[in-house]
$ cat query_17.txt   # compact mmCIF, C-alpha atoms
# COMPACT_ATOMS: atom_id res chain seq x y z
CA MET A 16 115.30 -68.72 55.83
CA THR A 17 115.26 -66.63 52.66
CA ALA A 18 112.47 -66.91 50.16
CA SER A 19 112.51 -65.69 46.60
CA ILE A 20 109.47 -64.58 44.67
CA ALA A 21 109.19 -64.92 40.92
CA ARG A 22 106.80 -63.56 38.36
CA VAL A 23 105.80 -64.95 34.98
CA THR A 24 105.09 -62.71 32.00
CA THR A 25 103.95 -63.59 28.50
CA ILE A 26 105.87 -62.36 25.47
CA SER A 27 105.71 -63.13 21.78
CA ALA A 28 108.51 -63.15 19.24
CA ARG A 29 108.89 -64.00 15.61
CA SER A 30 111.63 -64.79 13.15
CA THR A 31 111.91 -65.41 9.44
CA GLU A 32 114.54 -68.11 10.14
CA SER A 33 113.19 -70.71 12.61
CA PHE A 34 111.32 -71.37 15.85
CA ASP A 35 114.69 -71.64 17.60
CA ASP A 36 115.70 -68.19 16.34
CA ALA A 37 112.37 -66.74 17.50
CA VAL A 38 112.87 -68.22 20.98
CA LYS A 39 116.42 -66.85 21.19
CA ALA A 40 115.26 -63.40 20.07
CA GLY A 41 112.45 -63.38 22.65
CA ILE A 42 114.73 -64.45 25.51
CA SER A 43 117.41 -61.98 24.48
CA ARG A 44 114.95 -59.09 24.43
CA ALA A 45 113.30 -60.12 27.70
CA SER A 46 116.73 -60.28 29.37
CA GLU A 47 117.45 -56.70 28.25
CA THR A 48 114.26 -55.42 29.87
CA LEU A 49 113.69 -57.71 32.87
CA ARG A 50 116.14 -58.33 35.71
CA GLY A 51 116.54 -61.83 37.07
CA VAL A 52 115.23 -63.86 34.11
CA SER A 53 115.55 -67.45 35.28
CA GLY A 54 113.64 -69.51 32.75
CA ALA A 55 111.01 -69.71 30.05
CA TRP A 56 108.74 -72.18 28.37
CA ILE A 57 107.10 -72.20 24.99
CA LYS A 58 103.36 -71.79 25.35
CA GLU A 59 102.48 -71.64 21.65
CA GLN A 60 104.09 -71.99 18.23
CA LYS A 61 102.67 -71.07 14.85
CA VAL A 62 103.82 -70.19 11.36
CA GLU A 63 102.69 -67.47 9.00
CA LEU A 64 102.43 -68.35 5.32
CA SER A 65 102.91 -66.35 2.15
CA ASN A 66 102.15 -68.00 -1.20
CA GLY A 67 102.16 -71.42 0.45
CA GLN A 68 105.61 -70.92 1.99
CA ILE A 69 106.54 -70.21 5.61
CA SER A 70 107.26 -66.50 5.96
CA ASN A 71 107.50 -66.21 9.77
CA TYR A 72 107.90 -68.44 12.79
CA HIS A 73 105.99 -67.14 15.82
CA VAL A 74 106.33 -68.21 19.45
CA VAL A 75 104.56 -67.21 22.63
CA LEU A 76 106.82 -67.58 25.67
CA GLU A 77 106.10 -67.58 29.39
CA VAL A 78 109.19 -65.94 30.90
CA THR A 79 109.98 -66.32 34.61
CA PHE A 80 111.97 -63.66 36.44
CA VAL A 81 112.86 -63.30 40.10
CA LEU A 82 111.64 -60.14 41.83
CA ASP A 83 114.16 -57.92 43.59
CA ASP A 84 114.28 -58.14 47.39

$ encode --input "query_17.txt" --output "structure tokens"
Amino acid sequence: MTASIARVTTISARSTESFDDAVKAGISRASETLRGVSGAWIKEQKVELSNGQISNYHVVLEVTFVLDD
């Protein structure tokens, strides 16, 4: 029987466009740095305001990646 071990790391990302764009940017960057990224979930979302308007969408992601054997 083969077992796999995964690790979870927290990352944050932001975008001026949308929460969806921030999530995609965070996953894309995590996948460049970490091998075996297998999933993620959104832990936190917030917006930054400037003059009463949304200037940035910010997400905190928990990214799961499988450790090498």

$ closest_residue --input "query_17.txt" --among "A:Lys39, A:Gly51, A:Ser46, A:Thr25" --to "Asp83 in chain A" --atoms "only C-alpha atoms"
A:Gly51

$ closest_residue --input "query_17.txt" --among "A:Val78, A:Ile20, A:Ala37, A:Ile26" --to "Val62 in chain A" --atoms "all atoms listed in the file"
A:Ala37

$ closest_residue --input "query_17.txt" --among "A:Tyr72, A:Ser30, A:Lys61, A:Ala55" --to "Ile42 in chain A" --atoms "all atoms listed in the file"
A:Ala55

$ atom_distance --input "query_17.txt" --atom1 "CA of Asn71 in chain A" --atom2 "CA of Ser53 in chain A"
26.8 Å

$ closest_residue --input "query_17.txt" --among "A:Ala40, A:Val74, A:Ala45, A:Ala21" --to "Lys58 in chain A" --atoms "only C-alpha atoms"
A:Val74

$ closest_residue --input "query_17.txt" --among "A:Ile69, A:Gly54, A:Arg22, A:Glu47" --to "Val81 in chain A" --atoms "only C-alpha atoms"
A:Arg22

$ atom_distance --input "query_17.txt" --atom1 "CA of Arg29 in chain A" --atom2 "CA of Gln68 in chain A"
15.6 Å

$ atom_distance --input "query_17.txt" --atom1 "CA of Thr24 in chain A" --atom2 "CA of Asp84 in chain A"
18.5 Å

$ closest_residue --input "query_17.txt" --among "A:Ser70, A:Ala18, A:Val75, A:Leu82" --to "Glu32 in chain A" --atoms "all atoms listed in the file"
A:Ser70
